[in-house]
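Just below is one structure, and these are the notes that go with it.
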Amino acid sequence: MRTHKIAVIPADGIGKEVIAAGLKAMEALQARCGDFAMTFEHFPWGSDYYRAHGRMMDADGLERLKKFDAIYFGAVGDPVIPDSITLWGLRLPICQGFDQYANVRPTRVLPGLTSPLRHVNGPELDWVIVRENSEGEYAGHGGRAHRGFPEEVGTETAVFTRTGVTRIMRFAHKLAASRPRKLLTIVTKSNAQRHGMVMWDEIAAEVGREFPDVTVDKMLVDAMTQRMVLNPASLDTIVATNLHADILSDLAAALAGSLGVGPTGNIDPEGRFPSMFEPIHGSAFDITGKGIANPVATFWTGAMMLDHLGEHAAAKRLMTAVELITRDPANHTPDLGGNASTAKVTDAVCEAIRSSNE
Ligand code: NAD
Ligand code: MN
């Protein structure tokens, strides 16, 4: 039997709640499919671990994660511990250490959900956002001088390399070419940012020549936000920098109904290291512990993980189950305007998996 070794890192806040839900769905799937197995090893890393041990993850953490086939991740972020410690102590070291340079974020309006866009009923919004995930604005370059003095200066330097931009452009073109519309929108801010962003434009044009069947158009990020709202059907595959795509993909998830339905894969396309799958949302302090976190993003990201592992039938079965249960408003959590609990939605998905046909 095919076996996949999964590292599980629920981390903080609702990350723990949605990963517990996701694992139930994975167990139901294994039982229903019967032709593959997953072993789960849990890592207690995160903000509570930091409080106890003074670090977000163990020093040999990456070394230990290396032997897994994939990582199933919840969210990091704590009301007290600064994000510079939590995010930079756990999630970013994994993304950067494993060179997961392609962050893939599909967005669709699932059946039964309502887009806040009144002209969208479903099929008009079907996007994949590709986020450059290894450099750019989140490269960590910058500094502060004269801290606390009136002349204090803080810099946040975006770093773009030819290697980094070329590989994400190739990845995005390939992905666009694999989708029916073969349409790629390249987002920059190269009017105001005249160095790295202009390099994006140049490299985009070079890589574009390798993919003559992909139709490419270019947008500035500010204008892109209005196009996403006013003309969603004109978009398909989208590629943008680490910061721009971070922002655009939260908007995209909201336009598809809620941040609680947006999945993501942090992918190492070369397969040298494990890739990491997580919902796009954070730890959501405002609803932690209330049992109402929407687990749909975590189910969907689980389906992305199964696809990545080559378990396409299981991935499809999981998404079919999700798309069956979202049709019923009784399975909508409060972020979707309903009053279902995480547990209710999870039970519904597991039941739909158990009773699914071939
Ligand atoms: P957030 O995504 O945690 O929450 C934003 C809003 O969306 C909140 O009102 C929250 O209740 C709601 N929401 C998010 N996910 C939901 C779900 N599954 N179901 C229902 N409602 C949901 O963003 P934030 O409040 O800006 O950040 C909180 C913390 O999370 C911060 O420390 C931030 O740095 C961190 N964060 C981590 C990640 C990550 O781990 N990948 C991503 C984003 C934010
Ligand atoms: Mn984000």
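Just remember, in the structure tokens the first chain shown is A, the second B, etc., residues are 1-based per chain, and ligands are 1-based in the order shown.
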
May I have a table of the residues of chain A lying at most 7 Å from ligand 2, giving each one's closest pair of atoms and their distance in Å to one decimal, counting only C-alpha atoms and all ligand atoms, ordered by chain and ascending residue number, as JSON lines?
{"residue": "A:Asp246", "atom": "CA", "partner": "ligand 2", "partner_atom_place_in_ligand_line": "1 (Mn)", "distance": 4.8}
{"residue": "A:Ile247", "atom": "CA", "partner": "ligand 2", "partner_atom_place_in_ligand_line": "1 (Mn)", "distance": 6.5}
{"residue": "A:Asp250", "atom": "CA", "partner": "ligand 2", "partner_atom_place_in_ligand_line": "1 (Mn)", "distance": 6.5}
{"residue": "A:Ile280", "atom": "CA", "partner": "ligand 2", "partner_atom_place_in_ligand_line": "1 (Mn)", "distance": 6.0}
{"residue": "A:His281", "atom": "CA", "partner": "ligand 2", "partner_atom_place_in_ligand_line": "1 (Mn)", "distance": 6.4}

Selected residues, N, CA and C atoms, written as a compact mmCIF listing (two decimals), in the first residue's frame, please.
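So again25.txt came out as:
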# COMPACT_ATOMS: atom_id res chain seq x y z
N ASP A 246 0.08 38.25 -1.22
CA ASP A 246 -0.45 38.03 0.13
C ASP A 246 -1.74 38.83 0.28
N ILE A 247 -1.68 40.07 -0.11
CA ILE A 247 -2.85 40.96 0.03
C ILE A 247 -3.96 40.55 -0.95
N ASP A 250 -5.99 37.40 0.15
CA ASP A 250 -7.02 37.57 1.19
C ASP A 250 -8.27 38.20 0.56
N ILE A 280 -5.05 29.87 4.28
CA ILE A 280 -4.35 31.16 4.14
C ILE A 280 -4.56 32.06 5.36
N HIS A 281 -5.59 31.75 6.14
CA HIS A 281 -5.88 32.64 7.27
C HIS A 281 -4.87 32.47 8.40

Using only C-alpha atoms, determine which residues lie at most 9 Å from segment 177-183 of chain A, disregarding the query and same-chain residues fewer than 3 positions distant; provide the list as a list in words. Ala172, His173, Lys174, Phe211, Asp213, Val214, Thr215, Val216, Asp217, Leu235, Asp236, Thr237 and Ile238 of chain A

Write the selection just made, keeping C-alpha atoms, as a short mmCIF file (atom, residue, chain, number, x, y, z; two decimals), in the first residue's frame?
data_model
loop_
_atom_site.label_atom_id
_atom_site.label_comp_id
_atom_site.auth_asym_id
_atom_site.auth_seq_id
_atom_site.Cartn_x
_atom_site.Cartn_y
_atom_site.Cartn_z
CA ALA A 172 3.16 30.55 -13.20
CA HIS A 173 3.32 30.19 -16.99
CA LYS A 174 3.30 26.39 -16.70
CA PHE A 211 5.13 29.78 -23.60
CA ASP A 213 0.22 29.44 -26.08
CA VAL A 214 -0.23 31.42 -22.85
CA THR A 215 -1.96 34.78 -23.18
CA VAL A 216 -0.31 37.27 -20.85
CA ASP A 217 -1.57 40.59 -19.59
CA LEU A 235 -8.94 36.77 -14.66
CA ASP A 236 -7.63 33.22 -14.43
CA THR A 237 -4.03 32.61 -13.30
CA ILE A 238 -2.33 35.48 -11.51
#

Give the strand (DSSP E) residues of segment 186-314 of chain A, as DSSP finds them on the backbone, and put them as a list in words. Ile186, Val187, Thr188, Thr215, Val216, Asp217, Lys218, Met219, Leu220, Thr237, Ile238, Val239, Ala240, Pro263, Thr264, Gly265, Asn266, Ile267, Ser275, Met276, Phe277, Glu278 and Pro279 of chain A

Kindly provide, as a VMD selection string, all nucleotide and amino acid residues lying within 7 Å of ligand 1, counting only C-alpha atoms and all ligand atoms.
-> chain A and resid 74 to 79 83 87 91 259 to 261 280 to 287 292 to 295 297 334 to 335

Pick out the residues sitting within 12 Å of Glu351 of chain A, and hand them over as a CSV table (one decimal) with C-alpha atoms, in the first residue's frame; count only C-alpha atoms, and ignore anything fewer than 6 positions along from it in its own chain.
chain,number,residue,atom,x,y,z
A,24,LYS,CA,-10.6,13.8,10.8
A,25,ALA,CA,-11.4,14.2,7.2
A,27,GLU,CA,-8.8,9.6,8.4
A,28,ALA,CA,-12.3,9.2,6.9
A,29,LEU,CA,-10.7,9.4,3.4
A,31,ALA,CA,-10.8,4.4,5.4
A,32,ARG,CA,-13.1,5.1,2.4
A,318,LEU,CA,-12.5,15.1,-0.5
A,321,ALA,CA,-17.6,15.9,-0.2
A,322,VAL,CA,-16.7,19.6,0.6
A,324,LEU,CA,-21.7,18.6,-1.4
A,325,ILE,CA,-21.9,19.9,2.2
A,344,LYS,CA,-20.7,20.1,12.7
A,345,VAL,CA,-19.1,21.0,9.4

Among listed residues A:Met304, A:Ile85, A:Ala254, A:Val120, nearest Ala233 of chain A (using only C-alpha atoms):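 Smallest separation from Ala233 of chain A among the options: A:Val120.
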
Min atom-atom distance to His4 of chain A from the set A:Ile186, A:Val349, A:Leu309, A:Ala240, counting only C-alpha atoms, belongs to A:Leu309

Pairwise distance, atom CA of Glu132 of chain A with atom CA of Asp268 of chain A, equals 11.5 Å
